[in-house]
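Colleague: Below is the file model24.txt, with compact mmCIF, C-alpha atoms.
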# COMPACT_ATOMS: atom_id res chain seq x y z
CA MET A 259 48.84 6.65 -41.29
CA LYS A 260 50.40 8.08 -44.36
CA ARG A 261 53.59 10.08 -44.20
CA ILE A 262 53.33 12.84 -46.75
CA SER A 263 56.20 12.85 -49.21
CA PHE A 264 57.45 16.17 -50.55
CA ASN A 265 57.70 14.92 -54.12
CA ASP A 266 54.12 13.63 -54.26
CA TYR A 267 52.62 17.13 -54.05
CA ASP A 268 52.75 20.24 -56.20
CA LYS A 269 51.53 23.76 -55.70
CA GLY A 270 47.77 23.56 -56.19
CA SER A 271 47.41 19.92 -55.04
CA GLU A 272 44.27 19.48 -52.95
CA ILE A 273 43.94 17.36 -49.84
CA PRO A 274 40.74 15.39 -49.04
CA GLU A 275 38.04 17.71 -47.72
CA LEU A 276 35.98 17.21 -44.57
CA ARG A 277 32.32 18.19 -44.40
CA VAL A 278 30.64 18.58 -41.01
CA GLY A 279 27.09 19.64 -40.35
CA PRO A 280 24.64 21.09 -40.12
CA ILE A 281 26.22 22.12 -36.82
CA LYS A 282 23.72 21.79 -33.99
CA GLN A 283 23.48 23.74 -30.76
CA MET A 284 24.17 20.42 -29.00
CA ASP A 285 27.55 20.16 -30.79
CA LEU A 286 28.50 23.48 -29.21
CA VAL A 287 27.31 22.32 -25.79
CA ARG A 288 29.52 19.24 -26.11
CA TYR A 289 32.49 21.30 -27.28
CA ALA A 290 31.99 23.72 -24.39
CA GLY A 291 32.17 20.82 -21.94
CA ALA A 292 35.17 19.19 -23.62
CA SER A 293 37.17 22.39 -24.01
CA GLY A 294 35.99 24.16 -20.87
CA ASP A 295 35.04 27.29 -22.83
CA PHE A 296 31.67 28.17 -21.30
CA ASN A 297 31.49 31.70 -22.67
CA PRO A 298 27.67 32.09 -22.88
CA ILE A 299 27.80 33.60 -26.39
CA HIS A 300 28.17 29.98 -27.57
CA ASN A 301 25.29 28.43 -25.65
CA ASP A 302 22.84 31.07 -24.45
CA ALA A 303 20.96 32.77 -27.29
CA GLU A 304 19.41 35.38 -25.01
CA PHE A 305 22.81 36.35 -23.63
CA ALA A 306 24.30 36.40 -27.14
CA ARG A 307 21.60 38.84 -28.28
CA SER A 308 22.15 41.01 -25.22
CA VAL A 309 25.75 41.60 -26.36
CA GLY A 310 24.74 42.47 -29.91
CA LEU A 311 24.95 39.13 -31.72
CA ASP A 312 22.08 37.58 -33.73
CA GLY A 313 22.17 34.41 -31.63
CA THR A 314 24.71 31.86 -30.48
CA ILE A 315 27.92 31.37 -32.45
CA ALA A 316 30.26 28.38 -32.67
CA HIS A 317 33.53 28.42 -30.76
CA GLY A 318 36.27 29.41 -33.20
CA MET A 319 38.38 26.64 -31.70
CA TYR A 320 35.66 24.09 -32.52
CA ILE A 321 36.02 25.00 -36.20
CA MET A 322 39.83 24.89 -35.91
CA ALA A 323 39.46 21.41 -34.35
CA LEU A 324 37.44 20.28 -37.40
CA MET A 325 40.19 21.65 -39.66
CA GLY A 326 42.70 19.77 -37.51
CA ARG A 327 40.70 16.58 -38.07
CA MET A 328 41.01 17.04 -41.81
CA CYS A 329 44.75 17.65 -41.44
CA THR A 330 45.50 14.55 -39.34
CA ASP A 331 43.21 12.41 -41.53
CA TRP A 332 45.58 13.34 -44.32
CA ALA A 333 49.05 13.68 -42.81
CA HIS A 334 50.98 12.08 -39.97
CA PRO A 335 50.83 14.34 -36.87
CA LEU A 336 54.59 13.96 -36.29
CA GLN A 337 55.08 15.85 -39.56
CA PHE A 338 53.24 18.91 -38.23
CA HIS A 339 55.49 21.92 -37.81
CA ASN A 340 52.95 24.73 -37.54
CA PHE A 341 49.17 25.12 -37.76
CA SER A 342 47.71 28.62 -37.67
CA VAL A 343 44.34 30.17 -38.43
CA LYS A 344 42.55 33.48 -38.54
CA PHE A 345 38.88 33.57 -37.58
CA LYS A 346 37.07 35.66 -40.19
CA LYS A 347 33.32 35.12 -39.87
CA MET A 348 31.13 33.64 -37.20
CA VAL A 349 29.64 30.16 -37.69
CA ARG A 350 26.06 29.77 -36.50
CA PRO A 351 24.13 26.63 -35.59
CA GLY A 352 22.43 25.31 -38.74
CA GLU A 353 25.42 25.96 -40.97
CA THR A 354 27.46 23.20 -42.57
CA VAL A 355 31.22 23.63 -42.54
CA ILE A 356 33.47 22.32 -45.31
CA CYS A 357 37.19 22.12 -44.52
CA ARG A 358 39.58 22.22 -47.45
CA GLY A 359 43.31 22.37 -48.03
CA THR A 360 45.46 23.27 -51.03
CA VAL A 361 49.25 23.09 -51.25
CA SER A 362 50.45 26.68 -51.60
CA LYS A 363 54.21 26.47 -51.34
CA LYS A 364 57.06 23.97 -51.30
CA LYS A 365 60.30 25.10 -49.80
CA GLU A 366 63.44 23.97 -48.06
CA GLU A 367 64.46 25.73 -44.84
CA ASP A 368 67.79 24.83 -43.19
CA GLY A 369 67.84 21.52 -45.03
CA GLN A 370 64.27 20.64 -43.99
CA LYS A 371 61.69 20.24 -46.75
CA MET A 372 58.47 22.03 -45.84
CA LEU A 373 55.07 21.74 -47.48
CA HIS A 374 52.77 24.72 -46.91
CA VAL A 375 49.04 24.04 -47.19
CA ASP A 376 46.40 26.78 -47.24
CA VAL A 377 43.49 25.53 -45.15
CA THR A 378 39.99 27.00 -45.00
CA ALA A 379 36.62 26.29 -43.45
CA VAL A 380 33.74 27.60 -45.58
CA ASN A 381 29.96 27.26 -45.41
CA GLU A 382 27.83 25.84 -48.23
CA GLU A 383 27.55 29.29 -49.80
CA GLY A 384 31.35 29.44 -49.98
CA GLU A 385 31.70 32.12 -47.31
CA VAL A 386 35.15 31.76 -45.72
CA LYS A 387 34.75 31.38 -41.96
CA VAL A 388 38.29 30.43 -40.97
CA ALA A 389 41.47 30.56 -43.05
CA GLY A 390 44.95 29.50 -42.18
CA GLU A 391 47.97 27.42 -42.97
CA LEU A 392 49.41 24.02 -42.10
CA ILE A 393 53.17 23.60 -42.48
CA LEU A 394 54.44 20.03 -42.71
CA LYS A 395 57.96 18.69 -42.35
CA CYS A 396 58.50 16.26 -45.22
CA ASP A 397 61.05 13.67 -46.30
CA MET B 147 50.87 36.00 -15.96
CA LYS B 148 50.45 33.10 -13.56
CA SER B 149 51.86 29.72 -14.64
CA TYR B 150 49.86 26.57 -13.98
CA THR B 151 50.01 22.81 -14.42
CA PHE B 152 47.54 20.46 -16.05
CA ASN B 153 47.26 16.67 -15.84
CA VAL B 154 46.40 15.20 -19.24
CA GLU B 155 43.73 12.57 -18.62
CA ARG B 156 42.78 9.86 -21.10
CA GLY B 157 39.09 10.44 -20.38
CA LYS B 158 39.43 14.11 -21.29
CA LEU B 159 41.14 13.12 -24.54
CA ARG B 160 38.22 10.77 -25.33
CA GLU B 161 35.69 13.48 -24.49
CA PHE B 162 37.48 16.00 -26.72
CA CYS B 163 37.56 13.51 -29.61
CA ALA B 164 33.86 12.73 -29.16
CA ALA B 165 32.98 16.44 -29.10
CA THR B 166 34.90 17.17 -32.30
CA GLY B 167 33.78 14.01 -34.15
CA GLU B 168 37.38 12.78 -34.17
CA THR B 169 37.47 9.05 -35.01
CA ASN B 170 41.10 8.68 -36.17
CA LYS B 171 42.28 5.70 -34.11
CA ILE B 172 45.68 7.27 -33.55
CA TYR B 173 43.95 9.17 -30.70
CA SER B 174 42.23 6.12 -29.16
CA ASP B 175 44.15 2.91 -29.96
CA ILE B 176 47.43 2.69 -28.05
CA ASP B 177 48.81 -0.23 -30.08
CA TYR B 178 48.05 1.54 -33.33
CA ALA B 179 49.56 4.81 -32.05
CA ARG B 180 52.73 2.90 -31.05
CA SER B 181 52.94 1.34 -34.49
CA GLN B 182 52.93 4.88 -35.89
CA GLY B 183 55.90 6.09 -33.88
CA PHE B 184 54.13 7.43 -30.78
CA LYS B 185 54.72 6.45 -27.16
CA ASP B 186 50.95 6.45 -26.49
CA THR B 187 47.89 8.04 -28.11
CA PRO B 188 48.80 11.70 -28.72
CA VAL B 189 46.34 14.55 -28.23
CA PRO B 190 44.86 16.23 -31.35
CA PRO B 191 46.52 19.40 -32.68
CA THR B 192 44.12 21.87 -31.03
CA PHE B 193 43.79 20.12 -27.66
CA GLN B 194 45.74 22.92 -25.93
CA THR B 195 42.42 24.78 -25.58
CA VAL B 196 41.50 22.26 -22.88
CA PHE B 197 44.54 23.22 -20.79
CA GLN B 198 43.68 26.84 -21.11
CA PHE B 199 40.08 26.68 -19.95
CA TRP B 200 40.12 23.71 -17.56
CA GLY B 201 43.62 24.32 -16.22
CA TYR B 202 43.30 28.04 -15.83
CA LYS B 203 39.77 28.79 -14.72
CA GLU B 204 40.71 32.32 -13.67
CA ILE B 205 41.27 33.16 -17.34
CA TRP B 206 38.23 35.46 -17.57
CA ASP B 207 39.03 37.26 -14.31
CA ASP B 208 42.64 37.72 -15.37
CA MET B 209 41.55 39.16 -18.69
CA ARG B 210 39.26 41.57 -16.87
CA SER B 211 42.12 42.60 -14.61
CA LEU B 212 44.24 43.31 -17.71
CA GLY B 213 41.50 45.77 -18.68
CA ILE B 214 39.91 43.53 -21.30
CA ASP B 215 36.14 43.88 -21.63
CA VAL B 216 35.40 40.16 -22.04
CA GLU B 217 31.89 40.73 -23.38
CA ARG B 218 33.42 42.40 -26.45
CA LEU B 219 36.11 39.76 -26.86
CA LEU B 220 36.46 37.87 -30.11
CA HIS B 221 39.07 35.25 -30.90
CA MET B 222 40.97 36.46 -33.94
CA LYS B 223 43.99 34.18 -34.47
CA GLU B 224 45.46 30.97 -33.13
CA ASN B 225 48.92 29.66 -34.02
CA TYR B 226 50.62 26.44 -32.86
CA THR B 227 54.21 25.36 -33.40
CA TYR B 228 54.69 21.68 -32.58
CA HIS B 229 57.89 20.31 -31.06
CA SER B 230 56.98 17.09 -29.25
CA PRO B 231 53.74 15.08 -28.78
CA ILE B 232 51.56 15.41 -25.66
CA TYR B 233 50.22 12.17 -24.15
CA PRO B 234 47.73 11.07 -21.48
CA GLY B 235 49.54 11.00 -18.14
CA ASP B 236 51.68 14.02 -18.97
CA VAL B 237 51.68 16.90 -16.51
CA MET B 238 51.86 20.04 -18.56
CA GLN B 239 53.53 23.16 -17.24
CA VAL B 240 51.96 26.16 -18.87
CA GLN B 241 53.39 29.65 -18.95
CA PRO B 242 51.18 32.28 -20.58
CA GLU B 243 52.33 35.83 -21.16
CA VAL B 244 51.11 38.92 -22.96
CA SER B 245 53.35 39.14 -26.01
CA ASP B 246 51.82 42.01 -27.98
CA VAL B 247 49.21 44.74 -27.63
CA LYS B 248 47.92 46.78 -30.55
CA ILE B 249 45.59 49.71 -30.06
CA GLY B 250 43.62 50.76 -33.12
CA LYS B 251 40.25 50.50 -34.81
CA MET B 252 40.01 47.16 -33.01
CA ASP B 253 42.24 46.69 -29.99
CA MET B 254 44.20 43.43 -30.19
CA VAL B 255 46.05 41.48 -27.51
CA THR B 256 48.32 38.53 -28.32
CA PHE B 257 49.19 35.94 -25.69
CA GLY B 258 52.23 33.69 -26.06
CA ILE B 259 51.81 30.36 -24.29
CA ASN B 260 54.48 27.70 -23.85
CA TYR B 261 53.43 24.14 -23.04
CA LYS B 262 56.18 22.02 -21.47
CA ASN B 263 55.76 18.50 -20.10
CA GLN B 264 56.92 17.04 -16.76
CA ASP B 265 60.40 16.44 -18.22
CA ASN B 266 60.68 20.11 -19.13
CA VAL B 267 60.39 19.30 -22.85
CA LEU B 268 58.78 22.10 -24.83
CA CYS B 269 55.88 20.41 -26.64
CA VAL B 270 53.88 23.25 -28.17
CA GLU B 271 54.30 27.00 -28.51
CA ALA B 272 51.03 28.87 -28.98
CA LEU B 273 50.10 32.39 -29.97
CA MET B 274 46.52 33.47 -29.36
CA SER B 275 45.20 36.85 -30.49
CA ILE B 276 41.95 38.33 -29.33
CA VAL B 277 40.26 41.52 -30.44
CA LEU B 278 37.63 43.64 -28.80
CA ARG B 279 34.57 44.47 -30.87
CA PRO B 280 34.19 48.25 -31.10
CA LEU B 281 31.68 49.71 -28.66
CA GLU B 282 28.33 50.29 -30.31
CA LYS B 283 27.45 53.92 -30.83
CA GLN B 284 24.99 55.09 -28.21
Could I get this file's structure written as structure tokens?

Modeller:
Amino acid sequence: MKRISFNDYDKGSEIPELRVGPIKQMDLVRYAGASGDFNPIHNDAEFARSVGLDGTIAHGMYIMALMGRMCTDWAHPLQFHNFSVKFKKMVRPGETVICRGTVSKKKEEDGQKMLHVDVTAVNEEGEVKVAGELILKCD
Amino acid sequence: MKSYTFNVERGKLREFCAATGETNKIYSDIDYARSQGFKDTPVPPTFQTVFQFWGYKEIWDDMRSLGIDVERLLHMKENYTYHSPIYPGDVMQVQPEVSDVKIGKMDMVTFGINYKNQDNVLCVEALMSIVLRPLEKQ
């Protein structure tokens, strides 16, 4: 695994993207089993419609897990300081998710160099589904 | 809120990786993980979800008893601060608490959750915010 070096990145540097999809209902069934989140809005279309949705929606944490995959494909997990996201739009089965990251800030806090990376998950139309930030401790 | 413990099983780690398409061998190959500075294969950065739902199955009932209408619940934010890796074989001690409540156009509740291992080492601090979708007009 690569340790990310502070000096190798500038504001605006992009990290390798990860494309996943189209997401299938079965992917959500598997994620429900793995995570234990059996909220029926993710797996039961009839139930989802009964609570006002158009059909099943992906677990937000499934999309965050895909973003996490992109992050640990790129950087060493021991460098992770913080990883946070905000869920903005629902992801539906049939959509493809593209995870991307762009360095937004470089700063030193209490003698520790920190690289801030804006991370997003968008669909093929560019609609932002999840947006957040990864903060890495760097040498 | 009630604290609970959770045994981190290697099989659950494999299942989580399979479900998320995770193939990075740091999560599956012990020798490789050791060569990268880990004691064993660590869990992926969002694995804490597993503790929450499998370790704390009363989560929905507890939310209801806090007055949360779970059918209107949407996950809004998730935030992890990492201190120390979590490995298979660890017994996590989990202490969730309500850390913030905002009443407004959309009501929001934030839970703060600390994950410590069997040696009382704080591994991950989590903040999870949920919102309630507004009631539809009748």

Colleague: Please, which residues are within 7 Å of (36.5, 24.1, -41.6) by the file's coordinates, counting only C-alpha atoms, and could they come as a ChimeraX atom specification?

Modeller: /A:321-322,324-325,355-358,378-380,388

Colleague: Grab the CA of Val375 (chain A) to CA of Glu243 (chain B) distance for me, in Å with one decimal place.

Modeller: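 Interatomic distance here is 28.8 Å.
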
Colleague: How far is it from CA of Asp265 (chain B) to CA of Met238 (chain B), in Å with one decimal?

Modeller: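 Interatomic distance here is 9.3 Å.
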
Colleague: Give me, as an MDAnalysis selection string, the residues of chain A touching chain B, with the criterion being at most 10 Å (counting all atoms listed in the file).

Modeller: chainID A and resid 259:261 278 284:299 306 308:310 317:331 334:348 388:393

Colleague: Between CA of Phe305 (chain A) and CA of Ile276 (chain B), what is the distance in Å, rounded to a tenth?

Modeller: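 A separation of 20.1 Å between them.
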
Colleague: Check the smallest atom-to-atom distance from each of B:Ser174, B:Asn263, B:Pro280, B:Val237 to Gly250 (chain B) using all atoms listed in the file, then report the winner.

Modeller: B:Pro280

Colleague: Excluding Asp253 (chain B) and its own-chain neighbours fewer than 2 positions away, which residues fall within 6 Å of it when counting all atoms listed in the file? Please give them as an NGL selection string.

Modeller: :B and (248-250 or 277-278)

Colleague: Determine the nearest neighbour of Gln370 (chain A) from the options A:His300, A:Arg307, A:Lys269, A:Lys395, counting all atoms listed in the file.

Modeller: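 That would be A:Lys395, the residue with the smallest distance to Gln370 (chain A).
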
Colleague: Padding of 5 Å on every side, edges along x, y and z, all listed atoms of region 188-207 of chain B included: what centre and edge lengths in Å, to one decimal, does that box have, as AutoDock Vina command-line options?

Modeller:
--center_x 43.5 --center_y 24.5 --center_z -23.2 --size_x 20.6 --size_y 35.6 --size_z 29.0

Colleague: Can you tell me which residues surround Gln283 (chain A) at a distance of at most 12 Å, considering all atoms listed in the file, apart from same-chain residues fewer than 6 positions away, and format the answer as a list in words?

Modeller: Tyr289, Ala290, Ile299, His300, Asn301, Asp302, Ala303, Gly313, Thr314, Ile315, Ala316, His317, Val349, Arg350, Pro351, Gly352 and Glu353 of chain A

Colleague: Find, counting only C-alpha atoms, the residue in B:Pro242, B:Arg156, B:Gly235, B:Thr187 that gets nearest to Ile259 (chain B).

Modeller: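 For Ile259 (chain B), the nearest of the candidates is B:Pro242.
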